[in-house]
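Dumped query.cif below, it's mmCIF, C-alpha atoms:
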data_my_file
loop_
_atom_site.group_PDB
_atom_site.id
_atom_site.type_symbol
_atom_site.label_atom_id
_atom_site.label_comp_id
_atom_site.auth_asym_id
_atom_site.auth_seq_id
_atom_site.Cartn_x
_atom_site.Cartn_y
_atom_site.Cartn_z
ATOM 1 C CA MET A 1 42.544 40.516 64.882
ATOM 2 C CA GLY A 2 44.888 42.930 63.092
ATOM 3 C CA LEU A 3 46.565 46.046 64.312
ATOM 4 C CA GLN A 4 44.514 48.870 65.809
ATOM 5 C CA LEU A 5 44.905 52.360 64.273
ATOM 6 C CA HIS A 6 46.922 53.647 67.222
ATOM 7 C CA GLU A 7 49.367 50.752 66.778
ATOM 8 C CA THR A 8 50.252 51.617 63.169
ATOM 9 C CA VAL A 9 52.873 54.166 62.094
ATOM 10 C CA TYR A 10 50.140 56.331 60.575
ATOM 11 C CA GLY A 11 48.002 56.036 63.701
ATOM 12 C CA LYS A 12 50.885 56.947 65.993
ATOM 13 C CA ASN A 13 51.683 59.937 63.773
ATOM 14 C CA PHE A 14 48.049 61.028 63.865
ATOM 15 C CA PHE A 15 47.620 60.709 67.644
ATOM 16 C CA GLU A 16 51.027 62.156 68.551
ATOM 17 C CA TYR A 17 51.280 65.061 66.091
ATOM 18 C CA GLN A 18 48.180 65.738 64.015
ATOM 19 C CA LEU A 19 45.470 65.348 66.662
ATOM 20 C CA PRO A 20 47.078 67.837 69.103
ATOM 21 C CA LYS A 21 47.445 70.370 66.268
ATOM 22 C CA LEU A 22 43.810 69.888 65.258
ATOM 23 C CA THR A 23 42.699 70.277 68.865
ATOM 24 C CA GLU A 24 44.716 73.481 69.212
ATOM 25 C CA ALA A 25 43.277 74.860 65.955
ATOM 26 C CA ILE A 26 39.724 74.133 67.129
ATOM 27 C CA GLU A 27 40.406 75.828 70.488
ATOM 28 C CA ASN A 28 41.837 78.898 68.709
ATOM 29 C CA LEU A 29 38.812 79.047 66.427
ATOM 30 C CA SER A 30 36.506 78.804 69.431
ATOM 31 C CA GLU A 31 38.361 81.657 71.190
ATOM 32 C CA ASN A 32 38.186 83.830 68.065
ATOM 33 C CA ILE A 33 34.446 83.238 67.733
ATOM 34 C CA LYS A 34 33.974 84.088 71.418
ATOM 35 C CA ARG A 35 36.001 87.316 71.055
ATOM 36 C CA GLN A 36 34.029 88.243 67.959
ATOM 37 C CA LYS A 37 30.720 87.732 69.785
ATOM 38 C CA ASP A 38 31.989 89.745 72.774
ATOM 39 C CA SER A 39 32.945 92.670 70.538
ATOM 40 C CA GLU A 40 29.753 92.730 68.442
ATOM 41 C CA GLY A 41 28.312 95.563 70.523
ATOM 42 C CA THR A 42 31.218 97.937 69.891
ATOM 43 C CA GLU A 43 29.738 99.730 66.913
ATOM 44 C CA LYS A 44 29.909 103.518 66.938
ATOM 45 C CA GLU A 45 27.361 105.052 69.262
ATOM 46 C CA ASP A 46 24.709 107.219 67.582
ATOM 47 C CA LEU A 47 24.502 110.758 68.948
ATOM 48 C CA ALA A 48 21.214 112.525 69.466
ATOM 49 C CA PRO A 49 20.842 115.428 66.999
ATOM 50 C CA GLU A 50 20.937 118.069 69.756
ATOM 51 C CA LYS A 51 24.088 116.534 71.252
ATOM 52 C CA ARG A 52 25.717 116.417 67.807
ATOM 53 C CA GLU A 53 24.852 120.097 67.210
ATOM 54 C CA ALA A 54 26.260 121.083 70.604
ATOM 55 C CA LEU A 55 29.514 119.220 69.906
ATOM 56 C CA LEU A 56 29.794 120.822 66.462
ATOM 57 C CA ALA A 57 29.368 124.215 68.159
ATOM 58 C CA VAL A 58 32.312 123.327 70.421
ATOM 59 C CA LEU A 59 34.392 122.561 67.324
ATOM 60 C CA GLN A 60 33.471 125.861 65.709
ATOM 61 C CA ASN A 61 33.885 128.138 68.738
ATOM 62 C CA PRO A 62 37.347 128.438 70.352
ATOM 63 C CA GLN A 63 35.821 129.744 73.620
ATOM 64 C CA LYS A 64 33.500 126.755 73.868
ATOM 65 C CA ALA A 65 36.330 124.382 72.968
ATOM 66 C CA GLU A 66 38.483 125.876 75.729
ATOM 67 C CA ALA A 67 35.643 125.726 78.267
ATOM 68 C CA PHE A 68 34.850 122.124 77.282
ATOM 69 C CA GLY A 69 38.495 121.080 77.628
ATOM 70 C CA ARG A 70 38.909 122.992 80.886
ATOM 71 C CA ARG A 71 35.792 121.370 82.368
ATOM 72 C CA ILE A 72 37.040 117.877 81.471
ATOM 73 C CA THR A 73 40.530 118.468 82.900
ATOM 74 C CA GLU A 74 39.113 120.049 86.087
ATOM 75 C CA GLN A 75 36.880 117.048 86.649
ATOM 76 C CA VAL A 76 39.686 114.565 85.969
ATOM 77 C CA GLU A 77 41.967 116.372 88.436
ATOM 78 C CA THR A 78 39.339 116.463 91.197
ATOM 79 C CA ASP A 79 37.938 112.955 90.681
ATOM 80 C CA ASP A 80 38.460 110.883 93.829
ATOM 81 C CA GLU A 81 37.836 107.443 92.314
ATOM 82 C CA SER A 82 40.624 104.865 92.553
ATOM 83 C CA PRO A 83 42.736 104.325 89.421
ATOM 84 C CA GLU A 84 41.658 100.665 89.457
ATOM 85 C CA LYS A 85 37.969 101.604 89.300
ATOM 86 C CA ILE A 86 38.584 104.271 86.640
ATOM 87 C CA GLY A 87 40.604 101.815 84.548
ATOM 88 C CA TYR A 88 38.002 99.064 84.856
ATOM 89 C CA TYR A 89 35.052 101.242 83.857
ATOM 90 C CA ALA A 90 37.023 103.024 81.117
ATOM 91 C CA ALA A 91 37.994 99.690 79.547
ATOM 92 C CA LYS A 92 34.408 98.440 79.850
ATOM 93 C CA ALA A 93 33.075 101.624 78.219
ATOM 94 C CA ILE A 94 35.521 101.295 75.329
ATOM 95 C CA LEU A 95 34.550 97.661 74.790
ATOM 96 C CA ASP A 96 30.861 98.605 74.946
ATOM 97 C CA GLY A 97 31.431 101.519 72.543
ATOM 98 C CA SER A 98 29.902 104.066 74.922
ATOM 99 C CA MET A 99 31.418 107.558 74.909
ATOM 100 C CA ASP A 100 29.155 108.671 77.770
ATOM 101 C CA ASP A 101 30.307 105.782 79.953
ATOM 102 C CA LEU A 102 33.944 106.505 79.051
ATOM 103 C CA LEU A 103 33.647 110.148 80.093
ATOM 104 C CA ILE A 104 31.806 109.174 83.275
ATOM 105 C CA ALA A 105 34.587 106.697 84.094
ATOM 106 C CA ILE A 106 37.318 109.268 83.483
ATOM 107 C CA CYS A 107 35.840 112.493 84.846
ATOM 108 C CA GLY A 108 32.472 111.593 86.388
ATOM 109 C CA TRP A 109 30.424 113.593 83.868
ATOM 110 C CA SER A 110 28.477 112.538 80.774
ATOM 111 C CA VAL A 111 28.724 114.330 77.422
ATOM 112 C CA SER A 112 25.374 116.047 78.065
ATOM 113 C CA SER A 113 26.433 117.232 81.530
ATOM 114 C CA LEU A 114 29.708 118.606 80.183
ATOM 115 C CA LEU A 115 27.940 120.396 77.325
ATOM 116 C CA ASP A 116 25.301 121.844 79.673
ATOM 117 C CA SER A 117 28.044 123.068 81.981
ATOM 118 C CA VAL A 118 29.970 124.682 79.117
ATOM 119 C CA ASN A 119 26.840 126.336 77.713
ATOM 120 C CA SER A 120 25.962 127.782 81.128
ATOM 121 C CA ASP A 121 29.504 129.206 81.450
ATOM 122 C CA ILE A 122 29.448 130.998 78.090
#

structure tokens encoding of this file:
Amino acid sequence: MGLQLHETVYGKNFFEYQLPKLTEAIENLSENIKRQKDSEGTEKEDLAPEKREALLAVLQNPQKAEAFGRRITEQVETDDESPEKIGYYAAKAILDGSMDDLLIAICGWSVSSLLDSVNSDI
């Protein structure tokens, strides 16, 4: 019987150099596909028309913009959640593409709650 592939110069070259590179390339491809699947849900969140109108009103009215910003900063300053928990849920909200979840993670209030609070103040 003749030489086996792994006993030839070409076989040794393949098993020692090319096969590990191919394996690494396949693993990288697999990781990229996994990351792509994990991030598929991060499209921009659609806003309800009434929420969009309320946010546009904040943009157009300096008093509402100030009240909105003040409410967010007040809630951030008084939030008693641990930084670890805030960081975890903020990162998760960003990955999930959810602005409501991001605001809840950071200040404990959703967009609707903040807007309702601002509208009741003005």

Give one line per residue of segment 13-92 of chain A that approaches segment 101-119 of chain A to at most 9 Å, naming the two atoms of the closest pair and their distance in Å to one decimal, counting all atoms listed in the file; sort by chain then ascending residue number and deliver it as a Markdown table.
| residue | atom | partner | partner_atom | distance |
| --- | --- | --- | --- | --- |
| A:Lys51 | CA | A:Ser112 | CA | 7.0 |
| A:Ala54 | CA | A:Leu115 | CA | 7.0 |
| A:Leu55 | CA | A:Leu115 | CA | 7.7 |
| A:Val58 | CA | A:Leu115 | CA | 8.7 |
| A:Lys64 | CA | A:Val118 | CA | 6.7 |
| A:Ala65 | CA | A:Val118 | CA | 8.9 |
| A:Ala67 | CA | A:Val118 | CA | 5.8 |
| A:Phe68 | CA | A:Val118 | CA | 5.8 |
| A:Arg71 | CA | A:Leu114 | CA | 7.0 |
| A:Ile72 | CA | A:Cys107 | CA | 6.5 |
| A:Thr73 | CA | A:Cys107 | CA | 7.8 |
| A:Glu74 | CA | A:Cys107 | CA | 8.3 |
| A:Gln75 | CA | A:Cys107 | CA | 5.0 |
| A:Val76 | CA | A:Cys107 | CA | 4.5 |
| A:Glu77 | CA | A:Cys107 | CA | 8.1 |
| A:Thr78 | CA | A:Cys107 | CA | 8.3 |
| A:Asp79 | CA | A:Cys107 | CA | 6.2 |
| A:Glu81 | CA | A:Ala105 | CA | 8.9 |
| A:Lys85 | CA | A:Ala105 | CA | 8.0 |
| A:Ile86 | CA | A:Ala105 | CA | 5.3 |
| A:Gly87 | CA | A:Ala105 | CA | 7.8 |
| A:Tyr88 | CA | A:Ala105 | CA | 8.4 |
| A:Tyr89 | CA | A:Ala105 | CA | 5.5 |
| A:Ala90 | CA | A:Leu102 | CA | 5.1 |
| A:Ala91 | CA | A:Leu102 | CA | 7.9 |
| A:Lys92 | CA | A:Leu102 | CA | 8.1 |

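In this comparison, which uses only C-alpha atoms, the residue of A:Asp38, A:Glu7, A:Glu31, A:Asp46 approaching Met99 of chain A most closely is A:Asp46.
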
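Note that atom CA of Ile122 of chain A and atom CA of Arg70 of chain A are 12.7 Å apart.
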
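Atom CA of Leu3 of chain A is positioned 15.1 Å from atom CA of Phe15 of chain A.
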
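If you look at atom CA of Arg35 of chain A and atom CA of Leu95 of chain A, they are 11.1 Å away from each other.
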
Using all atoms of segment 30-39 of chain A listed in the file and a margin of 4 Å per side, can you give the axis-aligned box centre and edge lengths in Å to one decimal, as AutoDock Vina command-line options?
--center_x 34.5 --center_y 85.7 --center_z 70.3 --size_x 15.6 --size_y 21.9 --size_z 13.0
